>>> print(open('structure.cif').read())   # mmCIF, C-alpha atoms
data_input
#
loop_
_atom_site.group_PDB
_atom_site.id
_atom_site.type_symbol
_atom_site.label_atom_id
_atom_site.label_comp_id
_atom_site.auth_asym_id
_atom_site.auth_seq_id
_atom_site.Cartn_x
_atom_site.Cartn_y
_atom_site.Cartn_z
ATOM 1 C CA MET A 174 90.094 79.140 122.364
ATOM 2 C CA ILE A 175 91.024 79.114 118.684
ATOM 3 C CA PRO A 176 91.747 82.660 117.468
ATOM 4 C CA LYS A 177 89.723 83.933 114.547
ATOM 5 C CA PRO A 178 91.643 84.101 111.269
ATOM 6 C CA ILE A 179 92.890 87.533 110.360
ATOM 7 C CA ASN A 180 90.911 89.203 107.583
ATOM 8 C CA THR A 181 93.724 90.431 105.319
ATOM 9 C CA LYS A 182 91.608 93.140 103.731
ATOM 10 C CA GLU A 183 90.488 94.484 107.096
ATOM 11 C CA ALA A 184 94.057 94.384 108.436
ATOM 12 C CA LEU A 185 95.366 96.296 105.407
ATOM 13 C CA LYS A 186 92.528 98.794 105.638
ATOM 14 C CA LEU A 187 93.268 99.405 109.316
ATOM 15 C CA ALA A 188 96.993 99.861 108.612
ATOM 16 C CA LEU A 189 96.299 102.397 105.857
ATOM 17 C CA GLU A 190 93.821 104.305 108.015
ATOM 18 C CA GLN A 191 96.338 104.452 110.857
ATOM 19 C CA LYS A 192 99.008 105.695 108.456
ATOM 20 C CA CYS A 193 96.732 108.514 107.276
ATOM 21 C CA GLN A 194 95.801 109.391 110.853
ATOM 22 C CA HIS A 195 99.464 109.520 111.855
ATOM 23 C CA PHE A 196 100.196 111.745 108.850
ATOM 24 C CA ALA A 197 97.571 114.249 110.026
ATOM 25 C CA THR A 198 99.196 114.519 113.479
ATOM 26 C CA ARG A 199 102.751 115.096 112.225
ATOM 27 C CA LYS A 200 104.252 118.425 113.207
ATOM 28 C CA ASP A 201 104.591 119.646 109.626
ATOM 29 C CA SER A 202 101.038 118.586 108.742
ATOM 30 C CA VAL A 203 99.613 120.432 111.749
ATOM 31 C CA LEU A 204 101.650 123.555 110.946
ATOM 32 C CA PHE A 205 100.510 123.704 107.315
ATOM 33 C CA ALA A 206 96.909 122.955 108.304
ATOM 34 C CA LYS A 207 96.812 126.224 110.265
ATOM 35 C CA ALA A 208 97.437 128.202 107.077
ATOM 36 C CA VAL A 209 94.569 126.398 105.356
ATOM 37 C CA ALA A 210 92.284 126.941 108.358
ATOM 38 C CA ASP A 211 92.642 130.714 107.918
ATOM 39 C CA LEU A 212 90.534 130.447 104.760
ATOM 40 C CA LYS A 213 87.474 129.803 106.935
ATOM 41 C CA ALA A 214 87.357 133.579 107.374
ATOM 42 C CA LEU A 215 86.345 133.973 103.718
ATOM 43 C CA SER A 216 82.597 134.561 103.425
ATOM 44 C CA THR A 217 82.140 133.799 99.732
ATOM 45 C CA SER A 218 82.158 130.587 97.752
ATOM 46 C CA PHE A 219 84.280 129.966 94.645
ATOM 47 C CA SER A 220 83.708 128.366 91.262
ATOM 48 C CA LEU A 221 86.179 126.463 89.119
ATOM 49 C CA VAL A 222 86.408 127.845 85.601
ATOM 50 C CA LEU A 223 86.939 124.762 83.424
ATOM 51 C CA PRO A 224 87.680 125.193 79.711
ATOM 52 C CA PRO A 225 86.306 122.777 77.082
ATOM 53 C CA VAL A 226 88.236 119.520 76.707
ATOM 54 C CA ASP A 227 89.629 120.555 73.312
ATOM 55 C CA GLU A 228 90.954 123.907 74.532
ATOM 56 C CA PRO A 229 94.580 124.151 75.740
ATOM 57 C CA SER A 230 95.006 124.969 79.409
ATOM 58 C CA ARG A 231 96.903 127.909 80.864
ATOM 59 C CA GLY A 232 96.359 126.938 84.493
ATOM 60 C CA ILE A 233 93.596 126.449 87.056
ATOM 61 C CA THR A 234 91.202 129.358 87.554
ATOM 62 C CA LEU A 235 88.963 129.888 90.591
ATOM 63 C CA MET A 236 86.648 132.882 90.773
ATOM 64 C CA PRO A 237 84.681 134.113 93.806
ATOM 65 C CA ASP A 238 80.907 134.033 93.431
ATOM 66 C CA THR A 239 80.730 137.445 95.099
ATOM 67 C CA PRO A 240 83.489 140.098 95.248
ATOM 68 C CA LEU A 241 86.184 139.634 97.890
ATOM 69 C CA SER A 242 86.930 142.406 100.337
ATOM 70 C CA PRO A 243 90.506 143.739 100.626
ATOM 71 C CA LYS A 244 90.784 141.879 103.945
ATOM 72 C CA GLU A 245 89.720 138.603 102.342
ATOM 73 C CA ARG A 246 92.242 139.059 99.528
ATOM 74 C CA GLU A 247 94.908 139.629 102.166
ATOM 75 C CA ILE A 248 93.950 136.404 103.976
ATOM 76 C CA LEU A 249 93.983 134.472 100.712
ATOM 77 C CA THR A 250 97.432 135.728 99.726
ATOM 78 C CA ARG A 251 98.950 135.296 103.181
ATOM 79 C CA SER A 252 97.691 131.720 103.490
ATOM 80 C CA ALA A 253 99.058 130.817 100.058
ATOM 81 C CA MET A 254 102.451 132.363 100.837
ATOM 82 C CA GLU A 255 102.673 130.313 104.041
ATOM 83 C CA LEU A 256 102.457 127.152 101.933
ATOM 84 C CA LYS A 257 105.539 127.780 99.787
ATOM 85 C CA PRO A 258 107.192 126.282 97.822
ATOM 86 C CA TRP A 259 104.535 125.860 95.140
ATOM 87 C CA ARG A 260 105.910 123.509 92.464
ATOM 88 C CA LYS A 261 102.944 122.570 90.243
ATOM 89 C CA GLY A 262 100.477 125.038 88.769
ATOM 90 C CA PRO A 263 99.797 127.849 88.066
ATOM 91 C CA PHE A 264 96.640 128.797 89.941
ATOM 92 C CA PHE A 265 94.625 131.963 89.340
ATOM 93 C CA ILE A 266 92.353 132.753 92.292
ATOM 94 C CA ASP A 267 90.488 136.031 91.859
ATOM 95 C CA THR A 268 93.376 138.548 91.585
ATOM 96 C CA LEU A 269 95.908 136.147 93.151
ATOM 97 C CA HIS A 270 98.313 134.497 90.706
ATOM 98 C CA ILE A 271 100.254 131.603 92.250
ATOM 99 C CA ASP A 272 103.099 131.571 89.745
ATOM 100 C CA THR A 273 104.463 128.108 90.429
ATOM 101 C CA GLU A 274 107.914 126.781 89.523
ATOM 102 C CA TRP A 275 106.491 124.512 86.827
ATOM 103 C CA GLN A 276 104.216 125.672 84.040
ATOM 104 C CA SER A 277 102.395 122.383 84.450
ATOM 105 C CA PHE A 278 99.834 123.110 81.761
ATOM 106 C CA MET A 279 102.585 122.534 79.180
ATOM 107 C CA LYS A 280 102.887 118.894 80.252
ATOM 108 C CA PHE A 281 99.136 118.485 80.602
ATOM 109 C CA ASN A 282 98.453 119.921 77.146
ATOM 110 C CA LEU A 283 100.788 117.287 75.697
ATOM 111 C CA ILE A 284 98.876 114.328 77.134
ATOM 112 C CA ALA A 285 95.348 115.845 77.161
ATOM 113 C CA PRO A 286 94.506 114.960 73.515
ATOM 114 C CA HIS A 287 95.085 111.292 74.394
ATOM 115 C CA LEU A 288 92.884 111.238 77.506
ATOM 116 C CA ASN A 289 89.527 109.461 77.434
ATOM 117 C CA LEU A 290 88.332 109.706 81.017
ATOM 118 C CA THR A 291 84.558 110.109 80.764
ATOM 119 C CA GLY A 292 82.889 107.854 83.327
ATOM 120 C CA LYS A 293 86.204 106.327 84.405
ATOM 121 C CA GLU A 294 87.961 105.892 87.736
ATOM 122 C CA VAL A 295 91.270 107.735 87.591
ATOM 123 C CA LEU A 296 94.291 107.904 89.895
ATOM 124 C CA ASP A 297 97.073 110.484 89.817
ATOM 125 C CA MET A 298 99.997 108.699 91.480
ATOM 126 C CA GLY A 299 102.395 111.236 93.002
ATOM 127 C CA CYS A 300 99.874 114.004 92.428
ATOM 128 C CA ASN A 301 101.773 116.808 94.205
ATOM 129 C CA ASN A 302 99.161 119.468 95.067
ATOM 130 C CA GLY A 303 96.544 117.926 92.789
ATOM 131 C CA TYR A 304 97.060 120.271 89.841
ATOM 132 C CA TYR A 305 96.460 117.570 87.206
ATOM 133 C CA LEU A 306 93.431 116.270 89.099
ATOM 134 C CA PHE A 307 91.795 119.692 88.832
ATOM 135 C CA GLU A 308 92.713 119.765 85.136
ATOM 136 C CA MET A 309 91.094 116.361 84.593
ATOM 137 C CA LEU A 310 87.738 117.420 86.059
ATOM 138 C CA ARG A 311 86.653 118.769 82.670
ATOM 139 C CA PHE A 312 86.874 115.245 81.187
ATOM 140 C CA ALA A 313 83.951 114.137 83.403
ATOM 141 C CA PRO A 314 85.567 111.117 85.091
ATOM 142 C CA ARG A 315 83.462 108.941 87.350
ATOM 143 C CA ALA A 316 85.929 109.390 90.239
ATOM 144 C CA LEU A 317 89.293 111.076 90.770
ATOM 145 C CA TYR A 318 91.899 109.906 93.283
ATOM 146 C CA GLY A 319 95.258 111.415 94.195
ATOM 147 C CA PHE A 320 98.137 109.867 96.169
ATOM 148 C CA ASP A 321 101.025 111.907 97.562
ATOM 149 C CA PRO A 322 102.820 111.442 100.910
ATOM 150 C CA SER A 323 104.153 115.027 101.200
ATOM 151 C CA ALA A 324 102.723 117.235 103.954
ATOM 152 C CA ILE A 325 103.258 120.480 102.046
ATOM 153 C CA TYR A 326 101.586 119.133 98.898
ATOM 154 C CA LYS A 327 98.642 117.787 100.890
ATOM 155 C CA ALA A 328 98.227 121.220 102.493
ATOM 156 C CA GLN A 329 98.377 122.949 99.111
ATOM 157 C CA PHE A 330 95.717 120.561 97.826
ATOM 158 C CA ASP A 331 93.575 121.323 100.892
ATOM 159 C CA PHE A 332 94.057 125.056 100.220
ATOM 160 C CA ILE A 333 92.756 124.772 96.644
ATOM 161 C CA GLN A 334 90.127 122.179 97.540
ATOM 162 C CA SER A 335 88.705 124.351 100.339
ATOM 163 C CA LEU A 336 87.749 126.794 97.583
ATOM 164 C CA ALA A 337 87.000 124.408 94.699
ATOM 165 C CA LYS A 338 85.132 121.724 96.674
ATOM 166 C CA ALA A 339 85.741 119.342 93.788
ATOM 167 C CA PRO A 340 84.893 115.599 93.790
ATOM 168 C CA ILE A 341 88.485 114.492 94.370
ATOM 169 C CA HIS A 342 89.747 111.926 96.908
ATOM 170 C CA PHE A 343 93.262 112.698 98.170
ATOM 171 C CA TYR A 344 95.255 110.205 100.233
ATOM 172 C CA PRO A 345 98.631 111.009 101.873
ATOM 173 C CA LEU A 346 100.021 107.704 100.617
ATOM 174 C CA GLY A 347 102.887 106.696 98.329
ATOM 175 C CA VAL A 348 103.239 104.251 95.467
ATOM 176 C CA GLU A 349 104.489 101.705 98.010
ATOM 177 C CA ASP A 350 100.942 101.752 99.487
ATOM 178 C CA LEU A 351 99.134 101.336 96.189
ATOM 179 C CA ARG A 352 98.943 97.543 96.086
ATOM 180 C CA ASP A 353 97.665 97.398 99.688
ATOM 181 C CA PHE A 354 95.074 100.109 98.922
ATOM 182 C CA SER A 355 93.730 98.218 95.914
ATOM 183 C CA THR A 356 93.590 94.980 97.915
ATOM 184 C CA ALA A 357 92.003 96.509 101.020
ATOM 185 C CA TYR A 358 89.311 98.497 99.220
ATOM 186 C CA GLY A 359 88.885 96.375 96.111
ATOM 187 C CA GLN A 360 89.708 99.487 94.120
ATOM 188 C CA LYS A 361 91.270 99.208 90.715
ATOM 189 C CA PHE A 362 91.473 102.017 88.192
ATOM 190 C CA ASP A 363 90.624 102.500 84.545
ATOM 191 C CA CYS A 364 93.456 104.999 84.200
ATOM 192 C CA ILE A 365 96.526 105.935 86.227
ATOM 193 C CA VAL A 366 98.545 109.078 85.573
ATOM 194 C CA CYS A 367 102.108 108.919 86.926
ATOM 195 C CA LEU A 368 104.150 111.969 85.971
ATOM 196 C CA GLY A 369 107.682 112.649 87.186
ATOM 197 C CA VAL A 370 107.793 109.773 89.669
ATOM 198 C CA LEU A 371 109.518 106.738 88.171
ATOM 199 C CA TYR A 372 113.106 108.053 88.167
ATOM 200 C CA HIS A 373 112.747 108.934 91.845
ATOM 201 C CA ARG A 374 112.185 105.262 92.725
ATOM 202 C CA SER A 375 115.126 103.013 93.567
ATOM 203 C CA ASP A 376 113.251 100.002 92.125
ATOM 204 C CA PRO A 377 111.457 101.257 88.997
ATOM 205 C CA ILE A 378 110.280 97.812 87.860
ATOM 206 C CA ALA A 379 108.633 97.154 91.240
ATOM 207 C CA THR A 380 106.967 100.566 90.935
ATOM 208 C CA LEU A 381 105.631 99.707 87.483
ATOM 209 C CA LYS A 382 104.367 96.356 88.809
ATOM 210 C CA SER A 383 102.443 98.163 91.563
ATOM 211 C CA LEU A 384 100.898 100.495 88.993
ATOM 212 C CA SER A 385 99.980 97.514 86.816
ATOM 213 C CA PHE A 386 98.459 95.645 89.779
ATOM 214 C CA SER A 387 96.123 98.559 90.521
ATOM 215 C CA LEU A 388 94.887 98.928 86.952
ATOM 216 C CA LYS A 389 91.943 97.056 85.538
ATOM 217 C CA LYS A 390 92.748 94.766 82.625
ATOM 218 C CA GLY A 391 93.004 96.955 79.542
ATOM 219 C CA GLY A 392 93.493 100.023 81.731
ATOM 220 C CA GLU A 393 95.797 102.847 80.676
ATOM 221 C CA LEU A 394 98.924 104.225 82.328
ATOM 222 C CA PHE A 395 100.127 107.681 81.298
ATOM 223 C CA LEU A 396 103.783 107.892 82.234
ATOM 224 C CA ASP A 397 106.340 110.695 82.146
ATOM 225 C CA CYS A 398 110.000 109.802 82.691
ATOM 226 C CA LEU A 399 113.435 111.343 82.286
ATOM 227 C CA LEU A 400 115.314 109.679 79.434
ATOM 228 C CA ILE A 401 118.832 109.202 78.151
ATOM 229 C CA GLU A 402 119.269 109.182 74.381
ATOM 230 C CA SER A 403 120.409 105.773 73.164
ATOM 231 C CA SER A 404 119.154 103.023 70.876
ATOM 232 C CA GLN A 405 120.475 100.463 73.358
ATOM 233 C CA GLU A 406 118.781 99.062 76.472
ATOM 234 C CA ILE A 407 120.812 101.097 78.970
ATOM 235 C CA CYS A 408 120.337 103.465 81.914
ATOM 236 C CA LEU A 409 122.152 106.424 83.367
ATOM 237 C CA CYS A 410 122.718 105.798 87.085
ATOM 238 C CA PRO A 411 123.832 109.113 88.627
ATOM 239 C CA LYS A 412 126.565 108.676 91.216
ATOM 240 C CA LYS A 413 125.297 111.292 93.684
ATOM 241 C CA SER A 414 122.747 113.537 91.998
ATOM 242 C CA TYR A 415 121.240 114.532 88.685
ATOM 243 C CA ALA A 416 120.533 118.250 88.101
ATOM 244 C CA LYS A 417 120.983 118.670 91.862
ATOM 245 C CA MET A 418 118.356 115.998 92.583
ATOM 246 C CA SER A 419 119.855 113.397 94.913
ATOM 247 C CA ASN A 420 116.789 111.158 94.604
ATOM 248 C CA VAL A 421 117.219 110.290 90.926
ATOM 249 C CA TYR A 422 118.301 106.660 90.603
ATOM 250 C CA PHE A 423 117.795 105.387 87.051
ATOM 251 C CA ILE A 424 117.304 107.364 83.826
ATOM 252 C CA PRO A 425 116.519 104.834 81.081
ATOM 253 C CA SER A 426 116.714 104.874 77.321
ATOM 254 C CA ILE A 427 113.354 104.371 75.623
ATOM 255 C CA GLU A 428 114.300 100.768 74.864
ATOM 256 C CA ALA A 429 115.222 100.110 78.499
ATOM 257 C CA LEU A 430 111.971 101.671 79.703
ATOM 258 C CA LYS A 431 110.018 99.560 77.222
ATOM 259 C CA GLY A 432 111.649 96.436 78.678
ATOM 260 C CA TRP A 433 110.770 97.500 82.227
ATOM 261 C CA CYS A 434 107.147 98.020 81.204
ATOM 262 C CA GLU A 435 106.915 94.628 79.502
ATOM 263 C CA ARG A 436 108.295 92.966 82.649
ATOM 264 C CA ALA A 437 105.595 94.765 84.664
ATOM 265 C CA GLY A 438 102.729 93.494 82.524
ATOM 266 C CA PHE A 439 102.219 96.379 80.126
ATOM 267 C CA GLY A 440 101.777 96.247 76.377
ATOM 268 C CA GLY A 441 100.794 98.842 73.807
ATOM 269 C CA PHE A 442 103.893 100.939 74.515
ATOM 270 C CA GLU A 443 103.108 104.244 72.783
ATOM 271 C CA VAL A 444 105.441 107.246 72.714
ATOM 272 C CA LEU A 445 103.350 110.419 72.939
ATOM 273 C CA GLY A 446 106.283 112.818 72.805
ATOM 274 C CA VAL A 447 109.903 113.433 73.748
ATOM 275 C CA GLN A 448 111.172 116.905 74.558
ATOM 276 C CA GLU A 449 113.790 118.746 76.579
ATOM 277 C CA THR A 450 112.750 120.465 79.781
ATOM 278 C CA THR A 451 113.428 124.179 79.328
ATOM 279 C CA THR A 452 113.567 127.192 81.612
ATOM 280 C CA GLN A 453 110.277 128.260 80.056
ATOM 281 C CA GLU A 454 108.590 125.234 81.623
ATOM 282 C CA GLN A 455 110.556 125.071 84.902
ATOM 283 C CA ARG A 456 111.920 128.275 86.399
ATOM 284 C CA LYS A 457 112.534 130.235 89.565
ATOM 285 C CA THR A 458 109.679 132.375 90.887
ATOM 286 C CA HIS A 459 108.995 134.146 94.173
ATOM 287 C CA TRP A 460 106.574 131.313 95.005
ATOM 288 C CA ILE A 461 109.384 128.816 95.632
ATOM 289 C CA ASP A 462 112.277 130.737 97.271
ATOM 290 C CA THR A 463 114.681 128.012 96.156
ATOM 291 C CA LEU A 464 116.871 127.168 93.182
ATOM 292 C CA SER A 465 115.417 125.909 89.909
ATOM 293 C CA LEU A 466 116.459 124.460 86.551
ATOM 294 C CA GLU A 467 118.631 127.413 85.502
ATOM 295 C CA ASP A 468 120.781 126.805 88.591
ATOM 296 C CA PHE A 469 121.186 123.103 87.827
ATOM 297 C CA LEU A 470 122.599 123.491 84.315
ATOM 298 C CA ASP A 471 126.090 124.505 83.232
ATOM 299 C CA SER A 472 125.471 127.279 80.711
ATOM 300 C CA ALA A 473 128.983 126.858 79.275
ATOM 301 C CA ASN A 474 128.432 123.351 77.905
ATOM 302 C CA GLY A 475 124.674 122.785 78.111
ATOM 303 C CA LEU A 476 125.059 119.844 80.500
ATOM 304 C CA THR A 477 123.845 119.504 84.069
ATOM 305 C CA ILE A 478 126.250 120.819 86.688
ATOM 306 C CA GLU A 479 127.308 117.205 87.292
ATOM 307 C CA GLY A 480 128.227 116.832 83.608
ATOM 308 C CA TYR A 481 125.248 114.709 82.529
ATOM 309 C CA PRO A 482 123.032 115.342 79.473
ATOM 310 C CA PRO A 483 120.323 117.965 80.175
ATOM 311 C CA PRO A 484 116.806 116.856 81.180
ATOM 312 C CA LEU A 485 114.985 115.048 78.378
ATOM 313 C CA ARG A 486 111.478 113.787 79.076
ATOM 314 C CA GLY A 487 109.406 111.146 77.404
ATOM 315 C CA TYR A 488 105.638 110.827 77.620
ATOM 316 C CA PHE A 489 104.080 107.408 77.158
ATOM 317 C CA ARG A 490 100.733 105.618 77.086
ATOM 318 C CA LEU A 491 100.778 101.987 78.225
ATOM 319 C CA ILE A 492 98.039 99.368 78.340
ATOM 320 C CA LYS A 493 97.771 96.686 81.018
ATOM 321 C CA THR A 494 97.682 93.339 79.256
#
>>> encode(input="structure.cif", output="structure tokens")
Amino acid sequence: MIPKPINTKEALKLALEQKCQHFATRKDSVLFAKAVADLKALSTSFSLVLPPVDEPSRGITLMPDTPLSPKEREILTRSAMELKPWRKGPFFIDTLHIDTEWQSFMKFNLIAPHLNLTGKEVLDMGCNNGYYLFEMLRFAPRALYGFDPSAIYKAQFDFIQSLAKAPIHFYPLGVEDLRDFSTAYGQKFDCIVCLGVLYHRSDPIATLKSLSFSLKKGGELFLDCLLIESSQEICLCPKKSYAKMSNVYFIPSIEALKGWCERAGFGGFEVLGVQETTTQEQRKTHWIDTLSLEDFLDSANGLTIEGYPPPLRGYFRLIKT
């Protein structure tokens, strides 16, 4: 009997579904899910408070539709504390202020004036707990997708989403799954947001090619990347770590990054801004219980503790050609 040919799309779809199912059964995923499940004890619903598109953000606000009891506030706070560390935010939920390590609205306010998402299909690649996805709801996109393979970030998203009930699709997948996802589901995006991911990839050009593959022709990529100041096409390749991050592989100059993007099929390379990361934007709070930027810099010379230039970030808009 001649075997039936394998349907590549169906095979990829099955593999991705199995990967997501396995993710849900991992020990850390199950542990974090218990903290989220505690929110079922809350008897009230919540509403997202979304500012107008032209108003700067100060974080994500969720307000209960009816007053919470002291017991419900206790459940809310305890569940949130069990999901530390909280990196991206902040979130304001009734009287609870999740004061995250990053003041993520500062980054979002920089790119927001350039966003045109109305009626578009949008992906946040490496979305962490979905902070930017919640921010983008006010731009009335047709659909919002988030990819992140971290169990703690997925649980934090589930925590916020259990209250917000927003039209957001979250997948516990990485950028290495993006091409297969687009092929399996025939899903390409009008816009991809990829913030703080590229320098964590050991093959940044392959990453950019995956992002390009999953964009529609003429689609936009909003990219944030650490930079090294130079007019030449060069990269900093940290020997062991950069600002205590062992998973930083290549920090390009703007010219080097532009070359990477051209190789990956992008044109329209637009610099939206370049600025140093400060301890106003990234700092230690009791919601992370770990070290932060102030601990990774040498205050005596202004360099990182490894002796590299301090964090400098560039924000870019690219167009798939």
>>> closest_atom_pairs(input="structure.cif", of="range 347-432 of chain A", to="range 450-471 of chain A", cutoff="12 Å", atoms="all atoms listed in the file", output="CSV")
residue,atom,partner,partner_atom,distance
A:Gly369,CA,A:Thr450,CA,11.9
A:Asp397,CA,A:Thr450,CA,11.9
A:Cys398,CA,A:Thr450,CA,11.4
A:Leu399,CA,A:Thr450,CA,9.5
A:Leu400,CA,A:Thr450,CA,11.1
A:Ser414,CA,A:Phe469,CA,10.6
A:Tyr415,CA,A:Phe469,CA,8.6
A:Ala416,CA,A:Phe469,CA,4.9
A:Lys417,CA,A:Phe469,CA,6.0
A:Met418,CA,A:Phe469,CA,9.0
>>> resolve_selection(input="structure.cif", expression="the PyMOL selection byres ((chain A and resi 420) around 10)", output="count of residues only")
14
>>> closest_residue(input="structure.cif", among="A:Gly432, A:Pro258, A:Pro483, A:Pro263", to="Pro377 in chain A", atoms="only C-alpha atoms")
A:Gly432
>>> atom_distance(input="structure.cif", atom1="CA of Ala316 in chain A", atom2="CA of Glu294 in chain A")
4.8 Å
>>> residues_around(input="structure.cif", residues="range 207-213 of chain A", least_positions_apart="5", cutoff="8 Å", atoms="only C-alpha atoms", output="list in words")
Ile248, Leu249, Ser252, Ala253, Glu255, Leu256, Ala328, Asp331, Phe332 and Ser335 of chain A
>>> resolve_selection(input="structure.cif", expression="the PyMOL selection byres ((chain A and resi 344) around 12)", output="number ranges by chain")
A: 189-190, 192-194, 196-197, 296-303, 317-324, 326-328, 330-331, 341-343, 345-348, 350-351, 354
